[in-house]
>>> print(open('run-v6.pdb').read())   # PDB, C-alpha atoms
ATOM      1  CA  MET A   1      37.728  -2.497   0.817
ATOM      2  CA  SER A   2      37.745  -0.401   3.973
ATOM      3  CA  PRO A   3      40.174  -1.373   6.763
ATOM      4  CA  ARG A   4      38.757  -3.171   9.785
ATOM      5  CA  LEU A   5      39.982  -3.705  13.319
ATOM      6  CA  ILE A   6      40.299  -7.424  14.077
ATOM      7  CA  HIS A   7      40.027  -7.668  17.840
ATOM      8  CA  THR A   8      41.518 -10.881  19.261
ATOM      9  CA  GLY A   9      41.064 -10.008  22.936
ATOM     10  CA  GLN A  10      38.437 -10.854  25.477
ATOM     11  CA  VAL A  11      35.173  -9.305  26.573
ATOM     12  CA  ILE A  12      34.400  -9.949  30.229
ATOM     13  CA  VAL A  13      32.205  -8.254  32.815
ATOM     14  CA  ASP A  14      33.640  -5.424  34.876
ATOM     15  CA  VAL A  15      32.264  -5.432  38.401
ATOM     16  CA  VAL A  16      33.224  -1.847  39.208
ATOM     17  CA  MET A  17      33.240  -0.539  42.770
ATOM     18  CA  ALA A  18      34.145   2.993  43.796
ATOM     19  CA  VAL A  19      36.110   2.967  47.059
ATOM     20  CA  PRO A  20      37.775   5.708  49.123
ATOM     21  CA  GLU A  21      41.002   3.703  48.961
ATOM     22  CA  VAL A  22      42.151   0.172  48.182
ATOM     23  CA  PRO A  23      42.289  -1.726  51.483
ATOM     24  CA  THR A  24      45.565  -2.995  52.887
ATOM     25  CA  PRO A  25      45.978  -6.796  53.111
ATOM     26  CA  GLY A  26      43.495  -8.061  55.648
ATOM     27  CA  GLY A  27      41.616  -4.760  55.622
ATOM     28  CA  ASP A  28      38.157  -3.766  54.455
ATOM     29  CA  VAL A  29      36.439  -0.726  52.997
ATOM     30  CA  VAL A  30      32.850   0.084  52.073
ATOM     31  CA  ALA A  31      32.230   0.757  48.373
ATOM     32  CA  THR A  32      30.176   3.821  47.528
ATOM     33  CA  SER A  33      28.863   2.433  44.230
ATOM     34  CA  LEU A  34      28.611  -0.832  42.292
ATOM     35  CA  ASN A  35      28.081  -1.458  38.610
ATOM     36  CA  GLU A  36      28.220  -4.597  36.433
ATOM     37  CA  THR A  37      28.979  -3.860  32.811
ATOM     38  CA  ALA A  38      30.704  -5.553  29.892
ATOM     39  CA  GLY A  39      34.300  -4.415  29.649
ATOM     40  CA  GLY A  40      37.747  -5.743  28.887
ATOM     41  CA  GLY A  41      38.188  -5.875  25.126
ATOM     42  CA  LEU A  42      34.814  -4.240  24.545
ATOM     43  CA  ASN A  43      36.327  -0.888  25.519
ATOM     44  CA  VAL A  44      38.861  -0.949  22.674
ATOM     45  CA  MET A  45      36.182  -1.983  20.197
ATOM     46  CA  VAL A  46      33.800   0.773  21.300
ATOM     47  CA  ALA A  47      36.615   3.330  21.050
ATOM     48  CA  ALA A  48      37.427   2.251  17.488
ATOM     49  CA  ILE A  49      33.783   2.160  16.402
ATOM     50  CA  ARG A  50      33.115   5.626  17.848
ATOM     51  CA  ASP A  51      36.109   6.816  15.828
ATOM     52  CA  ASP A  52      34.601   5.301  12.660
ATOM     53  CA  LEU A  53      36.739   2.158  12.387
ATOM     54  CA  PRO A  54      34.659  -1.023  11.768
ATOM     55  CA  VAL A  55      35.435  -3.881  14.156
ATOM     56  CA  VAL A  56      35.407  -7.674  13.819
ATOM     57  CA  PHE A  57      35.471  -9.528  17.146
ATOM     58  CA  ALA A  58      37.211 -12.917  17.161
ATOM     59  CA  GLY A  59      36.697 -13.811  20.829
ATOM     60  CA  ARG A  60      34.336 -16.141  22.645
ATOM     61  CA  PHE A  61      31.716 -15.656  25.349
ATOM     62  CA  GLY A  62      29.780 -17.901  27.704
ATOM     63  CA  SER A  63      26.221 -18.902  28.454
ATOM     64  CA  GLY A  64      25.759 -17.913  32.113
ATOM     65  CA  HIS A  65      24.878 -14.655  33.874
ATOM     66  CA  TYR A  66      28.038 -12.829  32.870
ATOM     67  CA  GLY A  67      27.926 -14.373  29.410
ATOM     68  CA  SER A  68      24.489 -12.867  28.834
ATOM     69  CA  ILE A  69      25.805  -9.423  29.797
ATOM     70  CA  VAL A  70      28.665  -9.843  27.318
ATOM     71  CA  ARG A  71      26.371 -11.140  24.559
ATOM     72  CA  ASP A  72      23.952  -8.247  24.951
ATOM     73  CA  ALA A  73      26.763  -5.678  24.966
ATOM     74  CA  LEU A  74      28.312  -7.132  21.823
ATOM     75  CA  ALA A  75      24.916  -7.083  20.106
ATOM     76  CA  VAL A  76      24.576  -3.320  20.550
ATOM     77  CA  SER A  77      28.264  -2.413  20.143
ATOM     78  CA  GLY A  78      28.276  -2.362  16.354
ATOM     79  CA  ALA A  79      31.054  -4.969  16.144
ATOM     80  CA  LEU A  80      30.751  -7.974  13.843
ATOM     81  CA  VAL A  81      30.844 -11.063  16.094
ATOM     82  CA  VAL A  82      32.063 -14.017  14.023
ATOM     83  CA  ASN A  83      31.938 -16.611  16.830
ATOM     84  CA  ASN A  84      28.421 -15.966  18.090
ATOM     85  CA  ARG A  85      27.541 -19.331  19.642
ATOM     86  CA  PRO A  86      28.055 -19.217  23.443
ATOM     87  CA  LEU A  87      30.285 -21.822  25.053
ATOM     88  CA  PRO A  88      28.740 -24.075  27.749
ATOM     89  CA  LYS A  89      30.287 -22.126  30.643
ATOM     90  CA  ASP A  90      30.022 -18.590  31.933
ATOM     91  CA  SER A  91      32.144 -15.652  30.819
ATOM     92  CA  GLY A  92      34.750 -14.303  33.190
ATOM     93  CA  PHE A  93      34.577 -11.151  35.267
ATOM     94  CA  CYS A  94      36.882  -8.535  36.732
ATOM     95  CA  ILE A  95      36.586  -6.789  40.074
ATOM     96  CA  ALA A  96      37.677  -3.192  39.414
ATOM     97  CA  LEU A  97      38.297  -0.970  42.437
ATOM     98  CA  VAL A  98      38.381   2.738  41.571
ATOM     99  CA  ASP A  99      39.786   4.863  44.400
ATOM    100  CA  ALA A 100      39.323   8.542  45.248
ATOM    101  CA  HIS A 101      42.267   9.485  42.988
ATOM    102  CA  ALA A 102      40.661   7.726  39.979
ATOM    103  CA  GLU A 103      43.324   5.000  40.094
ATOM    104  CA  ARG A 104      42.106   1.473  39.394
ATOM    105  CA  THR A 105      43.040  -1.959  40.764
ATOM    106  CA  PHE A 106      41.878  -5.206  39.148
ATOM    107  CA  VAL A 107      41.245  -8.824  40.132
ATOM    108  CA  THR A 108      40.126 -11.059  37.242
ATOM    109  CA  TYR A 109      38.483 -14.489  37.155
ATOM    110  CA  PRO A 110      38.565 -16.126  33.681
ATOM    111  CA  GLY A 111      35.766 -17.952  31.905
ATOM    112  CA  ALA A 112      34.700 -18.882  28.370
ATOM    113  CA  GLU A 113      36.783 -16.083  26.827
ATOM    114  CA  ALA A 114      39.921 -18.052  27.791
ATOM    115  CA  GLU A 115      39.177 -20.836  25.270
ATOM    116  CA  LEU A 116      40.124 -19.227  21.952
ATOM    117  CA  SER A 117      41.160 -21.452  19.023
ATOM    118  CA  VAL A 118      42.928 -20.939  15.702
ATOM    119  CA  ALA A 119      39.609 -21.640  13.967
ATOM    120  CA  ASP A 120      38.028 -18.781  15.916
ATOM    121  CA  LEU A 121      40.746 -16.423  14.679
ATOM    122  CA  GLU A 122      40.567 -17.689  11.100
ATOM    123  CA  ALA A 123      36.826 -16.973  11.090
ATOM    124  CA  THR A 124      37.677 -13.254  10.879
ATOM    125  CA  ALA A 125      38.996 -13.712   7.308
ATOM    126  CA  VAL A 126      41.720 -11.086   7.700
ATOM    127  CA  ARG A 127      42.527  -9.158   4.533
ATOM    128  CA  GLY A 128      45.253  -6.728   3.529
ATOM    129  CA  GLY A 129      44.795  -3.319   5.118
ATOM    130  CA  ASP A 130      43.160  -4.651   8.278
ATOM    131  CA  LEU A 131      44.565  -3.883  11.724
ATOM    132  CA  VAL A 132      44.865  -6.516  14.447
ATOM    133  CA  TYR A 133      44.740  -5.853  18.189
ATOM    134  CA  VAL A 134      46.406  -8.326  20.569
ATOM    135  CA  THR A 135      46.366  -7.953  24.340
ATOM    136  CA  GLY A 136      48.465  -9.539  27.053
ATOM    137  CA  TYR A 137      45.272 -10.556  28.817
ATOM    138  CA  GLY A 138      44.721 -13.123  26.074
ATOM    139  CA  LEU A 139      48.259 -14.465  26.379
ATOM    140  CA  ALA A 140      47.638 -15.321  30.038
ATOM    141  CA  HIS A 141      45.515 -18.309  28.988
ATOM    142  CA  GLN A 142      47.147 -21.378  27.444
ATOM    143  CA  SER A 143      44.545 -21.936  24.722
ATOM    144  CA  ASN A 144      44.512 -18.289  23.636
ATOM    145  CA  ALA A 145      48.301 -17.973  23.691
ATOM    146  CA  ALA A 146      48.739 -21.105  21.581
ATOM    147  CA  ALA A 147      46.139 -19.971  19.044
ATOM    148  CA  LEU A 148      47.534 -16.447  18.720
ATOM    149  CA  THR A 149      51.184 -17.463  18.361
ATOM    150  CA  GLU A 150      50.225 -19.942  15.629
ATOM    151  CA  TRP A 151      47.925 -17.511  13.787
ATOM    152  CA  LEU A 152      49.868 -14.226  13.905
ATOM    153  CA  PRO A 153      52.798 -15.345  11.674
ATOM    154  CA  SER A 154      50.307 -16.261   8.949
ATOM    155  CA  LEU A 155      49.000 -12.705   8.587
ATOM    156  CA  PRO A 156      49.830 -10.724   5.426
ATOM    157  CA  ASP A 157      52.734  -8.300   5.848
ATOM    158  CA  GLU A 158      50.498  -5.300   5.146
ATOM    159  CA  VAL A 159      48.305  -6.080   8.187
ATOM    160  CA  VAL A 160      49.219  -3.797  11.107
ATOM    161  CA  VAL A 161      49.461  -5.619  14.441
ATOM    162  CA  LEU A 162      49.266  -3.638  17.696
ATOM    163  CA  PHE A 163      50.295  -5.420  20.892
ATOM    164  CA  ASP A 164      49.161  -4.061  24.261
ATOM    165  CA  PRO A 165      50.975  -6.184  26.883
ATOM    166  CA  SER A 166      48.521  -5.217  29.687
ATOM    167  CA  PRO A 167      49.184  -5.006  33.441
ATOM    168  CA  LEU A 168      49.679  -8.806  33.459
ATOM    169  CA  ILE A 169      52.953  -8.559  31.516
ATOM    170  CA  ALA A 170      55.181  -9.641  34.417
ATOM    171  CA  THR A 171      53.274 -12.938  34.716
ATOM    172  CA  LEU A 172      53.306 -13.884  31.030
ATOM    173  CA  ASN A 173      55.492 -16.563  29.457
ATOM    174  CA  ARG A 174      58.520 -14.789  27.942
ATOM    175  CA  ARG A 175      58.599 -17.097  24.897
ATOM    176  CA  VAL A 176      54.952 -16.344  24.145
ATOM    177  CA  VAL A 177      55.518 -12.593  24.510
ATOM    178  CA  ASP A 178      58.573 -12.735  22.254
ATOM    179  CA  ALA A 179      56.580 -14.616  19.606
ATOM    180  CA  VAL A 180      53.979 -11.828  19.576
ATOM    181  CA  LEU A 181      56.636  -9.098  19.570
ATOM    182  CA  ALA A 182      58.212 -10.735  16.507
ATOM    183  CA  ARG A 183      55.075  -9.911  14.483
ATOM    184  CA  ALA A 184      54.038  -6.665  16.169
ATOM    185  CA  ASP A 185      54.201  -3.398  14.229
ATOM    186  CA  ILE A 186      53.332  -1.279  17.278
ATOM    187  CA  VAL A 187      53.757  -2.024  20.977
ATOM    188  CA  SER A 188      51.722   0.271  23.217
ATOM    189  CA  VAL A 189      52.583   0.251  26.937
ATOM    190  CA  ASN A 190      52.189   2.498  29.946
ATOM    191  CA  LEU A 191      55.179   3.419  32.089
ATOM    192  CA  ARG A 192      54.665   0.612  34.615
ATOM    193  CA  GLU A 193      54.347  -2.046  31.912
ATOM    194  CA  GLY A 194      57.378  -0.702  30.067
ATOM    195  CA  THR A 195      59.480  -0.862  33.227
ATOM    196  CA  LEU A 196      58.350  -4.419  33.935
ATOM    197  CA  MET A 197      59.273  -5.476  30.401
ATOM    198  CA  THR A 198      62.696  -3.827  30.347
ATOM    199  CA  GLY A 199      63.865  -3.108  33.883
ATOM    200  CA  GLU A 200      64.399   0.527  32.839
ATOM    201  CA  VAL A 201      62.742   3.619  34.318
ATOM    202  CA  ASP A 202      63.810   6.356  31.890
ATOM    203  CA  LEU A 203      61.339   6.879  29.043
ATOM    204  CA  ASP A 204      63.840   6.693  26.205
ATOM    205  CA  SER A 205      65.652   3.740  27.776
ATOM    206  CA  ILE A 206      62.363   1.835  28.022
ATOM    207  CA  ALA A 207      61.497   2.672  24.417
ATOM    208  CA  ALA A 208      64.957   1.698  23.161
ATOM    209  CA  GLU A 209      64.928  -1.634  24.989
ATOM    210  CA  LEU A 210      61.497  -2.481  23.645
ATOM    211  CA  ALA A 211      62.367  -1.387  20.114
ATOM    212  CA  ALA A 212      65.391  -3.681  20.170
ATOM    213  CA  ARG A 213      63.015  -6.645  20.633
ATOM    214  CA  LEU A 214      60.916  -5.661  17.605
ATOM    215  CA  ARG A 215      61.355  -5.732  13.845
ATOM    216  CA  PRO A 216      63.423  -2.776  12.544
ATOM    217  CA  GLU A 217      60.392  -0.975  11.088
ATOM    218  CA  ALA A 218      58.191  -1.409  14.200
ATOM    219  CA  SER A 219      57.423   1.332  16.734
ATOM    220  CA  VAL A 220      56.872   1.754  20.460
ATOM    221  CA  VAL A 221      54.163   3.956  21.962
ATOM    222  CA  LEU A 222      54.943   4.624  25.617
ATOM    223  CA  ARG A 223      51.884   6.129  27.298
ATOM    224  CA  THR A 224      52.648   8.616  30.065
ATOM    225  CA  GLY A 225      49.181   9.498  31.332
ATOM    226  CA  PRO A 226      48.298  13.215  31.395
ATOM    227  CA  ASP A 227      51.612  14.034  29.685
ATOM    228  CA  GLY A 228      50.596  12.142  26.548
ATOM    229  CA  CYS A 229      52.988   9.560  25.132
ATOM    230  CA  ARG A 230      56.485   9.018  23.749
ATOM    231  CA  ILE A 231      56.918   7.307  20.377
ATOM    232  CA  ALA A 232      60.149   5.695  19.213
ATOM    233  CA  GLY A 233      61.635   2.858  17.193
ATOM    234  CA  ARG A 234      64.875   1.509  15.809
ATOM    235  CA  ARG A 235      64.303   3.651  12.693
ATOM    236  CA  ARG A 236      62.485   6.484  14.507
ATOM    237  CA  SER A 237      64.010   9.097  16.809
ATOM    238  CA  PRO A 238      62.168   9.441  20.149
ATOM    239  CA  GLN A 239      59.403  12.034  19.981
ATOM    240  CA  SER A 240      56.991  13.314  22.621
ATOM    241  CA  VAL A 241      53.311  13.597  21.734
ATOM    242  CA  PRO A 242      51.571  16.050  24.099
ATOM    243  CA  GLY A 243      48.615  15.196  26.288
ATOM    244  CA  PHE A 244      45.520  17.242  27.128
ATOM    245  CA  GLU A 245      44.684  18.715  30.516
ATOM    246  CA  VAL A 246      41.335  17.533  31.910
ATOM    247  CA  GLN A 247      39.713  16.840  35.269
ATOM    248  CA  ALA A 248      39.973  13.052  35.650
ATOM    249  CA  VAL A 249      37.271  11.213  37.577
ATOM    250  CA  ASP A 250      37.910   7.591  36.493
ATOM    251  CA  SER A 251      40.996   6.292  34.689
ATOM    252  CA  ASN A 252      39.358   2.928  33.938
ATOM    253  CA  GLY A 253      39.435   2.409  30.163
ATOM    254  CA  ALA A 254      41.871   5.214  29.288
ATOM    255  CA  GLY A 255      44.414   2.845  27.744
ATOM    256  CA  ASP A 256      41.669   1.094  25.789
ATOM    257  CA  ALA A 257      40.389   4.388  24.385
ATOM    258  CA  HIS A 258      43.968   5.244  23.407
ATOM    259  CA  ALA A 259      44.464   1.959  21.546
ATOM    260  CA  GLY A 260      41.155   2.055  19.683
ATOM    261  CA  VAL A 261      41.545   5.633  18.500
ATOM    262  CA  LEU A 262      45.238   5.145  17.646
ATOM    263  CA  LEU A 263      44.298   2.275  15.350
ATOM    264  CA  ALA A 264      41.420   4.248  13.862
ATOM    265  CA  GLY A 265      43.780   7.088  12.987
ATOM    266  CA  LEU A 266      46.286   4.734  11.390
ATOM    267  CA  SER A 267      43.492   3.116   9.366
ATOM    268  CA  ARG A 268      42.771   6.517   7.783
ATOM    269  CA  GLY A 269      46.388   7.060   6.769
ATOM    270  CA  LEU A 270      47.575   9.278   9.642
ATOM    271  CA  ASP A 271      51.204   8.892  10.605
ATOM    272  CA  LEU A 272      52.066   7.585  14.071
ATOM    273  CA  TYR A 273      52.487  11.060  15.580
ATOM    274  CA  GLU A 274      49.124  12.317  14.307
ATOM    275  CA  ALA A 275      47.331   9.123  15.321
ATOM    276  CA  SER A 276      48.956   9.225  18.768
ATOM    277  CA  LEU A 277      47.889  12.843  19.280
ATOM    278  CA  ARG A 278      44.270  11.924  18.595
ATOM    279  CA  ALA A 279      44.630   8.888  20.864
ATOM    280  CA  ASN A 280      45.927  11.138  23.661
ATOM    281  CA  ALA A 281      42.897  13.392  23.222
ATOM    282  CA  ALA A 282      40.470  10.472  23.274
ATOM    283  CA  ALA A 283      42.069   9.011  26.412
ATOM    284  CA  ALA A 284      41.847  12.424  28.100
ATOM    285  CA  LEU A 285      38.150  12.707  27.281
ATOM    286  CA  ALA A 286      37.540   9.127  28.431
ATOM    287  CA  VAL A 287      38.774   9.787  31.978
ATOM    288  CA  THR A 288      36.330  12.672  32.461
ATOM    289  CA  GLU A 289      33.445  10.182  32.759
ATOM    290  CA  ARG A 290      32.873   7.217  35.042
ATOM    291  CA  GLY A 291      32.776   3.747  33.534
ATOM    292  CA  PRO A 292      35.012   1.591  31.352
ATOM    293  CA  ALA A 293      33.606   2.253  27.848
ATOM    294  CA  THR A 294      33.761   6.061  27.873
ATOM    295  CA  ALA A 295      35.725   6.702  24.686
ATOM    296  CA  PRO A 296      34.423   9.785  22.851
ATOM    297  CA  LEU A 297      32.863  10.125  19.446
ATOM    298  CA  ARG A 298      35.221  11.082  16.631
ATOM    299  CA  SER A 299      33.833  14.624  16.506
ATOM    300  CA  ARG A 300      34.691  15.266  20.171
ATOM    301  CA  THR A 301      38.245  13.992  19.700
ATOM    302  CA  ASP A 302      38.691  16.136  16.602
ATOM    303  CA  ALA A 303      37.387  19.187  18.481
ATOM    304  CA  LEU A 304      39.834  18.726  21.374
ATOM    305  CA  VAL A 305      42.787  18.198  19.032
ATOM    306  CA  GLY A 306      41.800  21.324  17.109
ATOM    307  CA  GLU A 307      41.569  23.602  20.161
TER
END
>>> encode(input="run-v6.pdb", output="structure tokens")
Amino acid sequence: MSPRLIHTGQVIVDVVMAVPEVPTPGGDVVATSLNETAGGGLNVMVAAIRDDLPVVFAGRFGSGHYGSIVRDALAVSGALVVNNRPLPKDSGFCIALVDAHAERTFVTYPGAEAELSVADLEATAVRGGDLVYVTGYGLAHQSNAAALTEWLPSLPDEVVVLFDPSPLIATLNRRVVDAVLARADIVSVNLREGTLMTGEVDLDSIAAELAARLRPEASVVLRTGPDGCRIAGRRRSPQSVPGFEVQAVDSNGAGDAHAGVLLAGLSRGLDLYEASLRANAAAALAVTERGPATAPLRSRTDALVGE
């Protein structure tokens, strides 16, 4: 049967405001636009689906205002939602400030998505050949972290697990993170996250430190923005994967587009370099549009890679 992406993360509502700059503590600015849209884990799922990888969503959503936004977005996303009964509380939301340089700053308030259980994860009926996405956002919540660290070791060896530690990595329980790293086949981080996890600033030093915490056959994908990414592992020499020059207007969702398209490429048998190149192209296209779920269709990614 065809591979599927099993998404274990969270879908919340992004309350996105464009601002000239992020205010200093105690300061204030006037936003030039406001938009409420489902985001978080939805962005990775949309990216994968647009790159022709079917998605199964294991997360939960709520029954209030934000929960209805999440429910409606999931219904039209194309993902299979296996836990489709809303919990008796609202979904969480994230204030996303996007400044004049397209940089983003987040403040998140959790809700129903923070109450994941092992039964929720088991409802996905993972099979050999599937790919599993785990995010650090989920590990920030006690229920989700407990469920994921119990469930991940039970997965078949042939299931590829990608771990994206997220900007919250410095606040996560080290034992929980190490438990996820022990099963991860790929760890995808940006430069800031890699530095927080290792204390290193040099690309290859970050990659080497991370690889040392993984299984011997696992790999690190260190995202470097417009420059592309650096891939490495204990059994893989460091290798740069080039980026694509574009005019960025909103970096919100770039990492999500990268993860979804990377997994889609791997599901079709591409090696890590080829899949990372397509992921770089998709992330570049994503930042040329405003909004969180701006990952391109597969044809657009293929066209940019082929130029």
>>> residues_around(input="run-v6.pdb", residues="Gly225 in chain A", least_positions_apart="2", cutoff="9 Å", atoms="all atoms listed in the file", output="PyMOL selection string")
chain A and resi 190-191+223+227-229+243+254-255+280+283-284
>>> residues_around(input="run-v6.pdb", residues="Arg4 in chain A", least_positions_apart="5", cutoff="10 Å", atoms="all atoms listed in the file", output="tab-separated table (two decimals) with C-alpha atoms, keeping the file's coordinate frame")
chain	number	residue	atom	x	y	z
A	48	ALA	CA	37.43	2.25	17.49
A	49	ILE	CA	33.78	2.16	16.40
A	52	ASP	CA	34.60	5.30	12.66
A	53	LEU	CA	36.74	2.16	12.39
A	54	PRO	CA	34.66	-1.02	11.77
A	55	VAL	CA	35.44	-3.88	14.16
A	56	VAL	CA	35.41	-7.67	13.82
A	126	VAL	CA	41.72	-11.09	7.70
A	127	ARG	CA	42.53	-9.16	4.53
A	128	GLY	CA	45.25	-6.73	3.53
A	129	GLY	CA	44.80	-3.32	5.12
A	130	ASP	CA	43.16	-4.65	8.28
A	131	LEU	CA	44.56	-3.88	11.72
A	132	VAL	CA	44.86	-6.52	14.45
A	263	LEU	CA	44.30	2.28	15.35
A	264	ALA	CA	41.42	4.25	13.86
A	267	SER	CA	43.49	3.12	9.37
>>> residues_around(input="run-v6.pdb", residues="Leu121 in chain A", least_positions_apart="6", cutoff="12 Å", atoms="all atoms listed in the file", output="PyMOL selection string")
chain A and resi 6-9+56-60+81-83+115+132-134+144-152+154-155
>>> residues_around(input="run-v6.pdb", residues="range 13-17 of chain A", least_positions_apart="6", cutoff="7 Å", atoms="only C-alpha atoms", output="compact mmCIF listing (two decimals) with C-alpha atoms, in the frame of the given file")
# COMPACT_ATOMS: atom_id res chain seq x y z
CA ALA A 31 32.23 0.76 48.37
CA SER A 33 28.86 2.43 44.23
CA LEU A 34 28.61 -0.83 42.29
CA ASN A 35 28.08 -1.46 38.61
CA GLU A 36 28.22 -4.60 36.43
CA THR A 37 28.98 -3.86 32.81
CA ALA A 38 30.70 -5.55 29.89
CA GLY A 39 34.30 -4.42 29.65
CA TYR A 66 28.04 -12.83 32.87
CA VAL A 70 28.66 -9.84 27.32
CA GLY A 92 34.75 -14.30 33.19
CA PHE A 93 34.58 -11.15 35.27
CA CYS A 94 36.88 -8.54 36.73
CA ILE A 95 36.59 -6.79 40.07
CA ALA A 96 37.68 -3.19 39.41
CA LEU A 97 38.30 -0.97 42.44
CA VAL A 98 38.38 2.74 41.57
>>> resolve_selection(input="run-v6.pdb", expression="the PyMOL selection byres ((chain A and resi 43) around 10)", output="PyMOL selection string")
chain A and resi 11+38-42+44-49+77+252-257+259-260+291-295
>>> resolve_selection(input="run-v6.pdb", expression="the PyMOL selection byres ((chain A and resi 220) around 12)", output="JSON list (two decimals) with C-alpha atoms, keeping the file's coordinate frame")
[["chain", "number", "residue", "atom", "x", "y", "z"],
["A", 162, "LEU", "CA", 49.27, -3.64, 17.70],
["A", 163, "PHE", "CA", 50.30, -5.42, 20.89],
["A", 164, "ASP", "CA", 49.16, -4.06, 24.26],
["A", 165, "PRO", "CA", 50.98, -6.18, 26.88],
["A", 181, "LEU", "CA", 56.64, -9.10, 19.57],
["A", 184, "ALA", "CA", 54.04, -6.66, 16.17],
["A", 185, "ASP", "CA", 54.20, -3.40, 14.23],
["A", 186, "ILE", "CA", 53.33, -1.28, 17.28],
["A", 187, "VAL", "CA", 53.76, -2.02, 20.98],
["A", 188, "SER", "CA", 51.72, 0.27, 23.22],
["A", 189, "VAL", "CA", 52.58, 0.25, 26.94],
["A", 190, "ASN", "CA", 52.19, 2.50, 29.95],
["A", 191, "LEU", "CA", 55.18, 3.42, 32.09],
["A", 194, "GLY", "CA", 57.38, -0.70, 30.07],
["A", 203, "LEU", "CA", 61.34, 6.88, 29.04],
["A", 204, "ASP", "CA", 63.84, 6.69, 26.20],
["A", 205, "SER", "CA", 65.65, 3.74, 27.78],
["A", 206, "ILE", "CA", 62.36, 1.84, 28.02],
["A", 207, "ALA", "CA", 61.50, 2.67, 24.42],
["A", 208, "ALA", "CA", 64.96, 1.70, 23.16],
["A", 209, "GLU", "CA", 64.93, -1.63, 24.99],
["A", 210, "LEU", "CA", 61.50, -2.48, 23.64],
["A", 211, "ALA", "CA", 62.37, -1.39, 20.11],
["A", 212, "ALA", "CA", 65.39, -3.68, 20.17],
["A", 213, "ARG", "CA", 63.02, -6.64, 20.63],
["A", 214, "LEU", "CA", 60.92, -5.66, 17.60],
["A", 215, "ARG", "CA", 61.36, -5.73, 13.84],
["A", 216, "PRO", "CA", 63.42, -2.78, 12.54],
["A", 217, "GLU", "CA", 60.39, -0.98, 11.09],
["A", 218, "ALA", "CA", 58.19, -1.41, 14.20],
["A", 219, "SER", "CA", 57.42, 1.33, 16.73],
["A", 221, "VAL", "CA", 54.16, 3.96, 21.96],
["A", 222, "LEU", "CA", 54.94, 4.62, 25.62],
["A", 223, "ARG", "CA", 51.88, 6.13, 27.30],
["A", 229, "CYS", "CA", 52.99, 9.56, 25.13],
["A", 230, "ARG", "CA", 56.48, 9.02, 23.75],
["A", 231, "ILE", "CA", 56.92, 7.31, 20.38],
["A", 232, "ALA", "CA", 60.15, 5.70, 19.21],
["A", 233, "GLY", "CA", 61.64, 2.86, 17.19],
["A", 234, "ARG", "CA", 64.88, 1.51, 15.81],
["A", 235, "ARG", "CA", 64.30, 3.65, 12.69],
["A", 236, "ARG", "CA", 62.48, 6.48, 14.51],
["A", 237, "SER", "CA", 64.01, 9.10, 16.81],
["A", 238, "PRO", "CA", 62.17, 9.44, 20.15],
["A", 239, "GLN", "CA", 59.40, 12.03, 19.98],
["A", 240, "SER", "CA", 56.99, 13.31, 22.62],
["A", 272, "LEU", "CA", 52.07, 7.58, 14.07],
["A", 273, "TYR", "CA", 52.49, 11.06, 15.58],
["A", 276, "SER", "CA", 48.96, 9.22, 18.77]]
>>> resolve_selection(input="run-v6.pdb", expression="the PyMOL selection byres ((chain A and resi 297) around 6)", output="PyMOL selection string")
chain A and resi 50-51+296+298-300
>>> write_last_selection(input="run-v6.pdb", atoms="C-alpha atoms", output="CSV table (one decimal), keeping the file's coordinate frame")
chain,number,residue,atom,x,y,z
A,50,ARG,CA,33.1,5.6,17.8
A,51,ASP,CA,36.1,6.8,15.8
A,296,PRO,CA,34.4,9.8,22.9
A,298,ARG,CA,35.2,11.1,16.6
A,299,SER,CA,33.8,14.6,16.5
A,300,ARG,CA,34.7,15.3,20.2
>>> closest_residue(input="run-v6.pdb", among="A:Val177, A:Val19, A:Val160, A:Met197", to="Leu266 in chain A", atoms="all atoms listed in the file")
A:Val160
>>> closest_residue(input="run-v6.pdb", among="A:Asp28, A:Glu307, A:Asp120, A:Asp271", to="Glu245 in chain A", atoms="all atoms listed in the file")
A:Glu307
>>> axis_aligned_box(input="run-v6.pdb", around="range 126-132 of chain A", padding_each_side="3 Å", output="JSON")
{"center_x": 43.5, "center_y": -7.2, "center_z": 9.0, "size_x": 9.5, "size_y": 13.8, "size_z": 16.9}
>>> residues_around(input="run-v6.pdb", residues="Asp250 in chain A", least_positions_apart="2", cutoff="6 Å", atoms="all atoms listed in the file", output="JSON, numbers by chain")
{"A": [102, 248, 252, 287, 290]}
>>> atom_distance(input="run-v6.pdb", atom1="CA of Asp99 in chain A", atom2="CA of Thr288 in chain A")
14.7 Å
